[in-house]
Amino acid sequence: MDVAGGRSVGSAVNSVVVTGDHSVVLLAGDRQVAEVPVARTVVELERLLFGPAVGPDLSLVGSWLRPDAGVIQAEPRGEADALVDWCVSAGGPVVRLVCGSGGQGKTHLAGQVCRRLREQGWSAGVVSVPSPSWRAVRLSDLTQGGVAGQRARRDLERVVELTAGVQAAVRVRVRTLLVVDYAENVGPVVAELLDTIAEADAARWVRVLLLARTDADWFRALSVDHRLHDWVHPRPMRLATLSRDWDQGREQDVWARAVERFATHARQRGFEVPSGVRQASLPGGGFGTTLDLYAGALLAVLDAANGPGAGDPGDLDALLGVLRHEQRQVSAALNAVGLDLGEVGQAWAVAMVALTAPGTVDEAVQVAGRLSGVSGVGDLDGHGLVRVLGGLFPDESWERVWQAPKPDRLTDVHLLELAARSSSRQQWIDDLAAVCGGDDPEVAAHATAVLRRCLSTPDPGRVWRDGLGLVRDGLAGLAVRFPPVYVPALMVVDPVGFESEIMAAVDGRDGGLSLAQVEELDALLHRLGFATTRTRVAVAVGQRLVAARRTDAAHDDVSQDRYARELNNLSVRLGEVGRRDEGLTAIEEAVTIRRRMAEANPAAYLPSLAMSLNNLSLRLGELGRRDEGLTAIEEAVTIRRRMAEANPAAYLPELATSLNNLSVRLGEVGRRDEGLTAIEEAVTIRRRLAEANPAAYLPDLAMSLNNLSVRLGELGRRNEGLTAIEEAVTIRRRLAEANPAAYLPNLAGSLNNLSLWLGELGRRNEALTAIEEAVTIRRRLAEANPAAYLPNLAGSLNNLSVRLGELGRRTEGLTAIEEAVTIRRRLAEANPAAYLPNLAGSLNNLSLWLGELGRRDEALAAIEEATTAYRRLAEANPAAYLPDLAMSLNNLSVRMGELGRQDEGLTAIEEAVTIRRRLAEANPAAYLPDLAMSLNNLSVRMGELGRRNEGLTAIEEAVTIRRRLAEANPAAYLPNLATSLNNLSLRLRQLGRDTEAERAAAEADHIRSKLRAMNA
């Protein structure tokens, strides 16, 4: 697929459709493969979302620690109140994340929240979600027999069930909480769940509670990169151990009650627990997690009943002590059927249960056969082993033969100890590969999730330091040995933590992925969508594909088109990581190829050429090459106009998008009338589209109205500009009222612009009201999600300072601009390439405010810092930043003059004039107004130094330029002409030419009278 615009987004291989008769249909290509009716009752809804309620098997002692075992009574947590309040409150985010290390009580907490909500009439529970790879399931996968076909069909059925359940929440009108456990392993599926909620218009009815051990890397794809990131509360609720704030008496009480509950349950199961266990002493040193507290209580009971486990490891890790008792039970069950695997064999058999998820007995027997490849394990009775393990660790969903020991920390501890006891790192990797190696992507996905979860095991005492390192090495080793299945799995769950292994596999020089497998990885990246955590890998994938396609690009049209497509996509990815020059090189080559192909076959390749030209315009604009960017977008518009004339339904939206971009490019090069024409046409198209389909096109119409107001303002048509921005605000306010999470950011942007136009028209109090509302919205957004919204808040604070100054509230204006500078300084320190220009702009404005308040030394320091920043930026990219450098030099000259440093002030303004003259010679329409401004200021500096004739020459040139501009556009440039005529009068008087001075002053007065009449 081709990528358009600034971010690579995915396309679905399989798609979900909601029909008019309230059914959800899944299509593989154009073929229907699953259908589920949308529930009409709460009972049906809960069956679709949560499935049947199945109680846990409590045969093994470790399972008594499970949250759903009912053995211990969960202690109330204050966090439950906050989560219930979030759910029942109107508005607010749709998604929240609860983070905590394994055993900290996330599942207990979610259970408390679900119970309390059900008491209020909600539907609430834990949902199982499909594999992240469900969109890649092919028809051939569905028709094949065996476990693979069964898994593929079940994945697609689960997608349809979840979609139908979300649709049903709206249809039945029942508030619903969906709890997703181990969200870090299914981040892309959670992203799709957000889309499903949006498509069902269910944000009012559905909340999603994510449980995860960590928010590292994966959560950013939701809270920042996802198009609905406003629906996601950006700050996870982090759980500490339950006993953190307890005094010793409370801790002892909870411990004693837990011991009593475990002892009672153990006796019910036939354990001989002495009565004295009730007085078991509380271990010293506290508890790292909530689970550690309860594991310690259970271990006290088991030790009292059975005696300590071998080596008495409970003093190292209470869970390890519990695991020893559970291992006795497993050993007894195996010995009862004549299976003596030995200590190593039994440990690997339980590891096999954790690391694999066979769907049938036959598949489980095949998996068990792999144990013979483990060092120290001989031949064994596979069928007998499967029967015992399936009985000890039954799968509660009935979809698999077994499931990993629970709670999950028990599995983690088992694997960590197994790794730590291996004879060597190589032996551990070899044994791990024997159990879960191969080419089955489902096996790889499951093992990756388990091993990665194991890496998040809390280890404050560094008991598992060696084991954690080996587990990480083992997963990396699986990626090296079996890259076709383990690299995609790691791409989904941890692209940053295993980036080096993924990149090495993509490179392909030392084994790694074949070209076909890199293509599959590329398809996965498109399905997953844009995420900053995957951009470096995406670039590497694009580079490998471009290099491979280059060799056969000349063979035929299909090969050339494929090569051009890879170049187009690589260009977008390079832009995403800031490598703009390389991105430009790639898109230029793509355009060259597609132009040649479109000349030979316009019908087939013109649409692709238009897309690449659009992207070429963006890359050129980013590098400050505005004239070339304009040429590219003009050609894209020409092509899309011709396509839209032939097929309006298909291509009018794309034409409107290109016209919108054309307007921006024209404005950048000073061709404002033409820019206005382009945006007016875009507005006309989008208005017509919005009338036919408001839900789809009103947001686009509001965006174009926003841009229309800018173009009108540039031409001095301020009243019309105000009308356009008022309509944009009205639309966006209505959209934001219906869906605050999605549209409040856009409303804030339009309010920001509304304030500008009201200020231009002298309606200063209304302008202040608008910008204050924008700041309020953006401050709230930034508090919830700083990464996404702090930059916008800084922009609005910048504008707030201007509005306050216009009303004489200079101290408040200074406070606003100082906050903007503080924010932008912090942003620029973290990412200079992205935010240094913005910081320089705010420093420029800070200098103005400090100067107005008489704090001239501080004002000079601010503008000097801005000038230094712009000079550095202009040295790296003159086309983009020379205009800004000239502006800051202009202002630096003013500040120097205020402090009596006229010679330095003259040097600064002379440099500004030199830069702006050169810019105006290349592009008069864009830069003549700025040149006139600097000539005006140059005249002032010359006059201060007694160089009156040179000062007169400068102001005469400024008047000449501004007179010509005002003749072409009186509304925009007459005010500036009046200013320069006034200054010309002063210079003439200094030279004793009073008659000419009076003529200039009279013309300035006449212009101002005319302006007052025009604005009356």
# chains A, B, ... in the order shown; residues from 1 in each chain; ligands from 1

$ residues_around --residues "Leu478 of chain A" --least-positions-apart "3" --cutoff "8 Å" --atoms "only C-alpha atoms" --output "mmCIF file with N, CA and C atoms, in the first residue's frame"
data_model
loop_
_atom_site.group_PDB
_atom_site.id
_atom_site.type_symbol
_atom_site.label_atom_id
_atom_site.label_comp_id
_atom_site.auth_asym_id
_atom_site.auth_seq_id
_atom_site.Cartn_x
_atom_site.Cartn_y
_atom_site.Cartn_z
ATOM 1 N N ILE A 429 19.475 -21.307 26.161
ATOM 2 C CA ILE A 429 18.887 -20.916 24.876
ATOM 3 C C ILE A 429 18.566 -22.155 24.048
ATOM 4 N N LEU A 432 15.458 -23.784 25.530
ATOM 5 C CA LEU A 432 14.285 -22.957 25.238
ATOM 6 C C LEU A 432 13.864 -23.141 23.780
ATOM 7 N N ALA A 433 14.825 -23.175 22.873
ATOM 8 C CA ALA A 433 14.533 -23.368 21.458
ATOM 9 C C ALA A 433 13.925 -24.740 21.208
ATOM 10 N N GLY A 437 10.704 -23.403 19.895
ATOM 11 C CA GLY A 437 11.212 -22.953 18.608
ATOM 12 C C GLY A 437 10.300 -23.425 17.484
ATOM 13 N N GLY A 474 17.419 -15.388 26.323
ATOM 14 C CA GLY A 474 16.702 -16.488 25.680
ATOM 15 C C GLY A 474 15.730 -15.986 24.636
ATOM 16 N N LEU A 475 14.999 -14.926 24.951
ATOM 17 C CA LEU A 475 14.048 -14.384 23.986
ATOM 18 C C LEU A 475 14.791 -13.790 22.790
ATOM 19 N N ARG A 481 17.328 -17.193 16.092
ATOM 20 C CA ARG A 481 17.212 -18.526 15.486
ATOM 21 C C ARG A 481 15.943 -18.692 14.657
ATOM 22 N N PHE A 482 14.892 -18.042 15.068
ATOM 23 C CA PHE A 482 13.605 -18.208 14.377
ATOM 24 C C PHE A 482 13.008 -16.832 14.038
ATOM 25 N N PRO A 483 13.745 -16.022 13.258
ATOM 26 C CA PRO A 483 13.297 -14.640 13.019
ATOM 27 C C PRO A 483 11.935 -14.518 12.321
ATOM 28 N N TYR A 486 9.509 -14.932 15.504
ATOM 29 C CA TYR A 486 9.758 -14.189 16.743
ATOM 30 C C TYR A 486 9.978 -12.690 16.520
#

$ residues_around --residues "Ala531 of chain A" --least-positions-apart "6" --cutoff "10 Å" --atoms "only C-alpha atoms" --output "list of chain:residue names"
A:Arg7, A:Ser8, A:Val9, A:Asp217, A:Trp218, A:Phe219, A:Arg220, A:Ala221, A:Leu222, A:Val224, A:Asp225, A:His226, A:Leu525, A:Ala538, A:Glu576

$ write_last_selection --atoms "N, CA and C atoms" --output "PDB file, in the first residue's frame"
ATOM      1  N   ARG A   7       2.083  10.659   8.058  1.00  0.00           N
ATOM      2  CA  ARG A   7       2.228   9.502   8.936  1.00  0.00           C
ATOM      3  C   ARG A   7       1.801   8.240   8.225  1.00  0.00           C
ATOM      4  N   SER A   8       2.572   7.171   8.460  1.00  0.00           N
ATOM      5  CA  SER A   8       2.210   5.914   7.833  1.00  0.00           C
ATOM      6  C   SER A   8       1.094   5.272   8.640  1.00  0.00           C
ATOM      7  N   VAL A   9       0.032   4.948   7.989  1.00  0.00           N
ATOM      8  CA  VAL A   9      -1.108   4.339   8.655  1.00  0.00           C
ATOM      9  C   VAL A   9      -1.413   3.021   7.987  1.00  0.00           C
ATOM     10  N   ASP A 217       6.965   2.295  26.580  1.00  0.00           N
ATOM     11  CA  ASP A 217       6.944   2.209  25.116  1.00  0.00           C
ATOM     12  C   ASP A 217       5.561   1.941  24.536  1.00  0.00           C
ATOM     13  N   TRP A 218       4.942   0.810  24.877  1.00  0.00           N
ATOM     14  CA  TRP A 218       3.704   0.430  24.193  1.00  0.00           C
ATOM     15  C   TRP A 218       2.584   1.427  24.430  1.00  0.00           C
ATOM     16  N   PHE A 219       2.523   2.038  25.628  1.00  0.00           N
ATOM     17  CA  PHE A 219       1.394   2.894  25.973  1.00  0.00           C
ATOM     18  C   PHE A 219       1.431   4.213  25.200  1.00  0.00           C
ATOM     19  N   ARG A 220       2.611   4.643  24.789  1.00  0.00           N
ATOM     20  CA  ARG A 220       2.705   5.875  24.011  1.00  0.00           C
ATOM     21  C   ARG A 220       1.948   5.755  22.697  1.00  0.00           C
ATOM     22  N   ALA A 221       1.942   4.547  22.106  1.00  0.00           N
ATOM     23  CA  ALA A 221       1.219   4.350  20.850  1.00  0.00           C
ATOM     24  C   ALA A 221      -0.274   4.633  21.024  1.00  0.00           C
ATOM     25  N   LEU A 222      -0.786   4.459  22.251  1.00  0.00           N
ATOM     26  CA  LEU A 222      -2.197   4.761  22.525  1.00  0.00           C
ATOM     27  C   LEU A 222      -2.385   6.209  22.966  1.00  0.00           C
ATOM     28  N   VAL A 224      -0.456   8.906  22.864  1.00  0.00           N
ATOM     29  CA  VAL A 224       0.095  10.024  22.095  1.00  0.00           C
ATOM     30  C   VAL A 224      -0.114   9.833  20.596  1.00  0.00           C
ATOM     31  N   ASP A 225       0.226   8.645  20.073  1.00  0.00           N
ATOM     32  CA  ASP A 225       0.245   8.444  18.626  1.00  0.00           C
ATOM     33  C   ASP A 225      -1.120   8.111  18.036  1.00  0.00           C
ATOM     34  N   HIS A 226      -2.004   7.501  18.805  1.00  0.00           N
ATOM     35  CA  HIS A 226      -3.293   7.074  18.254  1.00  0.00           C
ATOM     36  C   HIS A 226      -4.153   8.282  17.913  1.00  0.00           C
ATOM     37  N   LEU A 525       3.633  -3.703   9.967  1.00  0.00           N
ATOM     38  CA  LEU A 525       3.804  -2.303  10.371  1.00  0.00           C
ATOM     39  C   LEU A 525       2.633  -1.452   9.885  1.00  0.00           C
ATOM     40  N   ALA A 538      10.755   0.779  11.201  1.00  0.00           N
ATOM     41  CA  ALA A 538      10.021   1.011   9.949  1.00  0.00           C
ATOM     42  C   ALA A 538      10.951   1.566   8.873  1.00  0.00           C
ATOM     43  N   GLU A 576       9.334  10.943   9.466  1.00  0.00           N
ATOM     44  CA  GLU A 576       8.873  10.714  10.837  1.00  0.00           C
ATOM     45  C   GLU A 576      10.023  10.701  11.840  1.00  0.00           C
TER      46      GLU A 576
END

$ residues_around --residues "Val546 of chain A" --least-positions-apart "2" --cutoff "7 Å" --atoms "only C-alpha atoms" --output "PyMOL selection string"
chain A and resi 542-544+548-550+563+566-567

$ write_last_selection --atoms "C-alpha atoms" --output "compact mmCIF listing (two decimals), in the first residue's frame"
# COMPACT_ATOMS: atom_id res chain seq x y z
CA GLY A 542 11.70 0.51 4.08
CA GLN A 543 15.39 0.75 3.23
CA ARG A 544 15.69 -3.02 2.81
CA ALA A 548 15.74 -5.01 -3.05
CA ARG A 549 13.26 -3.42 -5.48
CA ARG A 550 15.88 -1.19 -7.07
CA TYR A 563 9.69 0.23 -6.32
CA GLU A 566 8.44 1.57 -1.46
CA LEU A 567 10.24 4.88 -2.11

$ atom_distance --atom1 "atom CA of Glu442 of chain A" --atom2 "atom CA of Arg409 of chain A"
22.4 Å

$ atom_distance --atom1 "atom CA of Arg47 of chain A" --atom2 "atom CA of Arg204 of chain A"
21.1 Å

$ closest_residue --among "A:Ile955, A:Ala784, A:Tyr605, A:Val802" --to "Ile771 of chain A" --atoms "only C-alpha atoms"
A:Val802

$ residues_around --residues "segment 654-656 of chain A" --least-positions-apart "2" --cutoff "8 Å" --atoms "only C-alpha atoms" --output "list in words"
Val637, Arg640, Arg641, Ala644, Tyr651, Leu652, Ser658, Leu659, Asn660, Glu681, Ala682, Val683, Ile685 and Arg686 of chain A

$ residues_around --residues "Leu302 of chain A" --least-positions-apart "4" --cutoff "10 Å" --atoms "only C-alpha atoms" --output "PyMOL selection string"
chain A and resi 61+262-263+266+271-273+277+296-298+306-309+321-322+325-326

$ residues_around --residues "segment 189-202 of chain A" --least-positions-apart "3" --cutoff "9 Å" --atoms "only C-alpha atoms" --output "list of chain:residue names"
A:Val94, A:Val95, A:Val129, A:Pro130, A:Ser131, A:Pro132, A:Ser133, A:Leu162, A:Thr163, A:Val166, A:Gln167, A:Ala169, A:Val170, A:Val180, A:Ala183, A:Val186, A:Trp205, A:Val206, A:Val208, A:Leu210, A:Ala221, A:Leu222, A:His226, A:Arg227, A:Leu228, A:Trp231, A:Leu528

$ write_last_selection --atoms "N, CA and C atoms" --output "mmCIF file, in the first residue's frame"
data_model
loop_
_atom_site.group_PDB
_atom_site.id
_atom_site.type_symbol
_atom_site.label_atom_id
_atom_site.label_comp_id
_atom_site.auth_asym_id
_atom_site.auth_seq_id
_atom_site.Cartn_x
_atom_site.Cartn_y
_atom_site.Cartn_z
ATOM 1 N N VAL A 94 -12.031 7.730 27.919
ATOM 2 C CA VAL A 94 -12.671 6.424 27.737
ATOM 3 C C VAL A 94 -11.789 5.319 28.320
ATOM 4 N N VAL A 95 -10.494 5.531 28.300
ATOM 5 C CA VAL A 95 -9.532 4.480 28.667
ATOM 6 C C VAL A 95 -8.659 4.941 29.819
ATOM 7 N N VAL A 129 -9.284 -10.842 24.219
ATOM 8 C CA VAL A 129 -9.180 -10.142 22.937
ATOM 9 C C VAL A 129 -8.475 -11.030 21.931
ATOM 10 N N PRO A 130 -8.684 -10.774 20.644
ATOM 11 C CA PRO A 130 -8.038 -11.603 19.619
ATOM 12 C C PRO A 130 -6.551 -11.313 19.528
ATOM 13 N N SER A 131 -5.862 -12.150 18.793
ATOM 14 C CA SER A 131 -4.442 -11.938 18.545
ATOM 15 C C SER A 131 -4.245 -10.678 17.719
ATOM 16 N N PRO A 132 -3.163 -9.937 17.943
ATOM 17 C CA PRO A 132 -2.894 -8.752 17.118
ATOM 18 C C PRO A 132 -2.766 -9.052 15.635
ATOM 19 N N SER A 133 -2.562 -10.316 15.285
ATOM 20 C CA SER A 133 -2.373 -10.673 13.874
ATOM 21 C C SER A 133 -3.671 -11.064 13.178
ATOM 22 N N LEU A 162 -16.657 -9.083 19.957
ATOM 23 C CA LEU A 162 -16.342 -7.831 20.649
ATOM 24 C C LEU A 162 -17.032 -6.636 19.981
ATOM 25 N N THR A 163 -17.002 -6.604 18.649
ATOM 26 C CA THR A 163 -17.647 -5.505 17.925
ATOM 27 C C THR A 163 -19.146 -5.501 18.188
ATOM 28 N N VAL A 166 -19.848 -4.208 21.741
ATOM 29 C CA VAL A 166 -19.758 -2.750 21.863
ATOM 30 C C VAL A 166 -20.976 -2.092 21.222
ATOM 31 N N GLN A 167 -21.374 -2.594 20.046
ATOM 32 C CA GLN A 167 -22.582 -2.064 19.405
ATOM 33 C C GLN A 167 -23.808 -2.268 20.297
ATOM 34 N N ALA A 169 -23.945 -2.332 23.557
ATOM 35 C CA ALA A 169 -23.981 -1.399 24.694
ATOM 36 C C ALA A 169 -24.782 -0.161 24.331
ATOM 37 N N VAL A 170 -24.638 0.299 23.085
ATOM 38 C CA VAL A 170 -25.401 1.464 22.627
ATOM 39 C C VAL A 170 -26.862 1.075 22.393
ATOM 40 N N VAL A 180 -9.166 -5.178 30.249
ATOM 41 C CA VAL A 180 -8.209 -5.904 29.411
ATOM 42 C C VAL A 180 -6.951 -6.134 30.241
ATOM 43 N N ALA A 183 -2.434 -5.769 29.022
ATOM 44 C CA ALA A 183 -2.636 -4.900 27.855
ATOM 45 C C ALA A 183 -1.323 -4.645 27.115
ATOM 46 N N VAL A 186 -1.049 -6.687 24.024
ATOM 47 C CA VAL A 186 -2.061 -6.577 22.967
ATOM 48 C C VAL A 186 -2.349 -5.104 22.651
ATOM 49 N N TRP A 205 -21.087 5.165 26.469
ATOM 50 C CA TRP A 205 -21.574 3.949 27.121
ATOM 51 C C TRP A 205 -20.473 3.004 27.585
ATOM 52 N N VAL A 206 -19.285 3.123 27.025
ATOM 53 C CA VAL A 206 -18.242 2.120 27.265
ATOM 54 C C VAL A 206 -17.012 2.775 27.892
ATOM 55 N N VAL A 208 -12.965 1.500 29.185
ATOM 56 C CA VAL A 208 -11.987 0.423 29.042
ATOM 57 C C VAL A 208 -10.921 0.601 30.119
ATOM 58 N N LEU A 210 -7.444 -0.849 31.410
ATOM 59 C CA LEU A 210 -6.292 -1.655 31.022
ATOM 60 C C LEU A 210 -5.466 -1.996 32.253
ATOM 61 N N ALA A 221 1.942 4.547 22.106
ATOM 62 C CA ALA A 221 1.219 4.350 20.850
ATOM 63 C C ALA A 221 -0.274 4.633 21.024
ATOM 64 N N LEU A 222 -0.786 4.459 22.251
ATOM 65 C CA LEU A 222 -2.197 4.761 22.525
ATOM 66 C C LEU A 222 -2.385 6.209 22.966
ATOM 67 N N HIS A 226 -2.004 7.501 18.805
ATOM 68 C CA HIS A 226 -3.293 7.074 18.254
ATOM 69 C C HIS A 226 -4.153 8.282 17.913
ATOM 70 N N ARG A 227 -4.946 8.172 16.846
ATOM 71 C CA ARG A 227 -5.770 9.310 16.429
ATOM 72 C C ARG A 227 -6.787 9.693 17.506
ATOM 73 N N LEU A 228 -7.138 8.757 18.391
ATOM 74 C CA LEU A 228 -8.078 9.040 19.472
ATOM 75 C C LEU A 228 -7.351 9.128 20.821
ATOM 76 N N TRP A 231 -8.895 10.230 24.065
ATOM 77 C CA TRP A 231 -9.769 9.343 24.840
ATOM 78 C C TRP A 231 -9.002 8.569 25.906
ATOM 79 N N LEU A 528 -0.355 -2.237 12.085
ATOM 80 C CA LEU A 528 -0.227 -1.700 13.435
ATOM 81 C C LEU A 528 -0.401 -0.190 13.459
#

$ residues_around --residues "Tyr973 of chain A" --least-positions-apart "5" --cutoff "10 Å" --atoms "only C-alpha atoms" --output "ChimeraX atom specification"
/A:715-716,929,962-968,978

$ write_last_selection --atoms "C-alpha atoms" --output "CSV table (one decimal), in the first residue's frame"
chain,number,residue,atom,x,y,z
A,715,LEU,CA,-5.4,40.2,2.4
A,716,GLY,CA,-6.8,42.6,5.0
A,929,PRO,CA,6.5,43.9,3.3
A,962,ARG,CA,4.5,50.3,0.9
A,963,ARG,CA,2.8,52.7,-1.5
A,964,ARG,CA,3.0,50.0,-4.2
A,965,LEU,CA,1.7,47.4,-1.8
A,966,ALA,CA,-1.1,49.6,-0.7
A,967,GLU,CA,-2.2,50.3,-4.3
A,968,ALA,CA,-2.5,46.5,-4.8
A,978,ALA,CA,0.7,55.8,7.0

$ closest_residue --among "A:Leu662, A:Leu618, A:Ala564, A:Val54" --to "Ser397 of chain A" --atoms "only C-alpha atoms"
A:Val54

$ select_by_dssp --residues "segment 158-332 of chain A" --states "strand (DSSP E or B)" --output "PyMOL selection string"
chain A and resi 176-180+206-212+232+237-238

$ select_by_dssp --residues "segment 226-265 of chain A" --states "helix (DSSP H, G or I)" --output "list in words"
His229, Asp230, Trp231, Gln248, Gly249, Arg250, Glu251, Gln252, Asp253, Val254, Trp255, Ala256, Arg257, Ala258, Val259, Glu260, Arg261, Phe262, Ala263, Thr264 and His265 of chain A

$ write_last_selection --atoms "C-alpha atoms" --output "PDB file, in the first residue's frame"
ATOM      1  CA  HIS A 229      -5.346   9.642  22.033  1.00  0.00           C
ATOM      2  CA  ASP A 230      -7.596  12.234  23.671  1.00  0.00           C
ATOM      3  CA  TRP A 231      -9.769   9.343  24.840  1.00  0.00           C
ATOM      4  CA  GLN A 248       2.518  -2.733  62.188  1.00  0.00           C
ATOM      5  CA  GLY A 249      -0.759  -3.541  63.923  1.00  0.00           C
ATOM      6  CA  ARG A 250      -2.780  -3.416  60.683  1.00  0.00           C
ATOM      7  CA  GLU A 251      -0.184  -5.475  58.840  1.00  0.00           C
ATOM      8  CA  GLN A 252      -0.157  -8.109  61.591  1.00  0.00           C
ATOM      9  CA  ASP A 253      -3.968  -8.250  61.566  1.00  0.00           C
ATOM     10  CA  VAL A 254      -4.192  -8.763  57.791  1.00  0.00           C
ATOM     11  CA  TRP A 255      -1.408 -11.346  57.949  1.00  0.00           C
ATOM     12  CA  ALA A 256      -3.109 -13.295  60.742  1.00  0.00           C
ATOM     13  CA  ARG A 257      -6.451 -13.311  58.918  1.00  0.00           C
ATOM     14  CA  ALA A 258      -4.770 -14.493  55.711  1.00  0.00           C
ATOM     15  CA  VAL A 259      -3.014 -17.307  57.598  1.00  0.00           C
ATOM     16  CA  GLU A 260      -6.324 -18.355  59.158  1.00  0.00           C
ATOM     17  CA  ARG A 261      -8.141 -18.330  55.781  1.00  0.00           C
ATOM     18  CA  PHE A 262      -5.406 -20.381  54.096  1.00  0.00           C
ATOM     19  CA  ALA A 263      -5.285 -22.829  57.019  1.00  0.00           C
ATOM     20  CA  THR A 264      -9.073 -23.329  56.863  1.00  0.00           C
ATOM     21  CA  HIS A 265      -8.956 -23.945  53.103  1.00  0.00           C
TER      22      HIS A 265
END

$ closest_residue --among "A:Gly121, A:Asn661, A:Thr995, A:Thr769" --to "Asn614 of chain A" --atoms "only C-alpha atoms"
A:Asn661

$ atom_distance --atom1 "atom CA of Ala724 of chain A" --atom2 "atom CA of Leu698 of chain A"
14.1 Å

$ decode --residues "segment 581-596 of chain A" --atoms "C-alpha atoms" --output "mmCIF file, in the first residue's frame"
data_model
loop_
_atom_site.group_PDB
_atom_site.id
_atom_site.type_symbol
_atom_site.label_atom_id
_atom_site.label_comp_id
_atom_site.auth_asym_id
_atom_site.auth_seq_id
_atom_site.Cartn_x
_atom_site.Cartn_y
_atom_site.Cartn_z
ATOM 1 C CA ASP A 581 16.933 15.300 3.319
ATOM 2 C CA GLU A 582 16.940 11.540 2.807
ATOM 3 C CA GLY A 583 13.152 11.570 2.760
ATOM 4 C CA LEU A 584 13.234 14.179 0.010
ATOM 5 C CA THR A 585 15.673 12.112 -2.057
ATOM 6 C CA ALA A 586 13.377 9.092 -1.812
ATOM 7 C CA ILE A 587 10.192 10.928 -2.771
ATOM 8 C CA GLU A 588 11.917 12.710 -5.662
ATOM 9 C CA GLU A 589 12.870 9.363 -7.143
ATOM 10 C CA ALA A 590 9.336 8.044 -6.593
ATOM 11 C CA VAL A 591 7.891 11.046 -8.430
ATOM 12 C CA THR A 592 10.307 10.562 -11.339
ATOM 13 C CA ILE A 593 9.272 6.921 -11.744
ATOM 14 C CA ARG A 594 5.561 7.587 -11.383
ATOM 15 C CA ARG A 595 5.664 10.489 -13.807
ATOM 16 C CA ARG A 596 7.217 8.234 -16.425
#
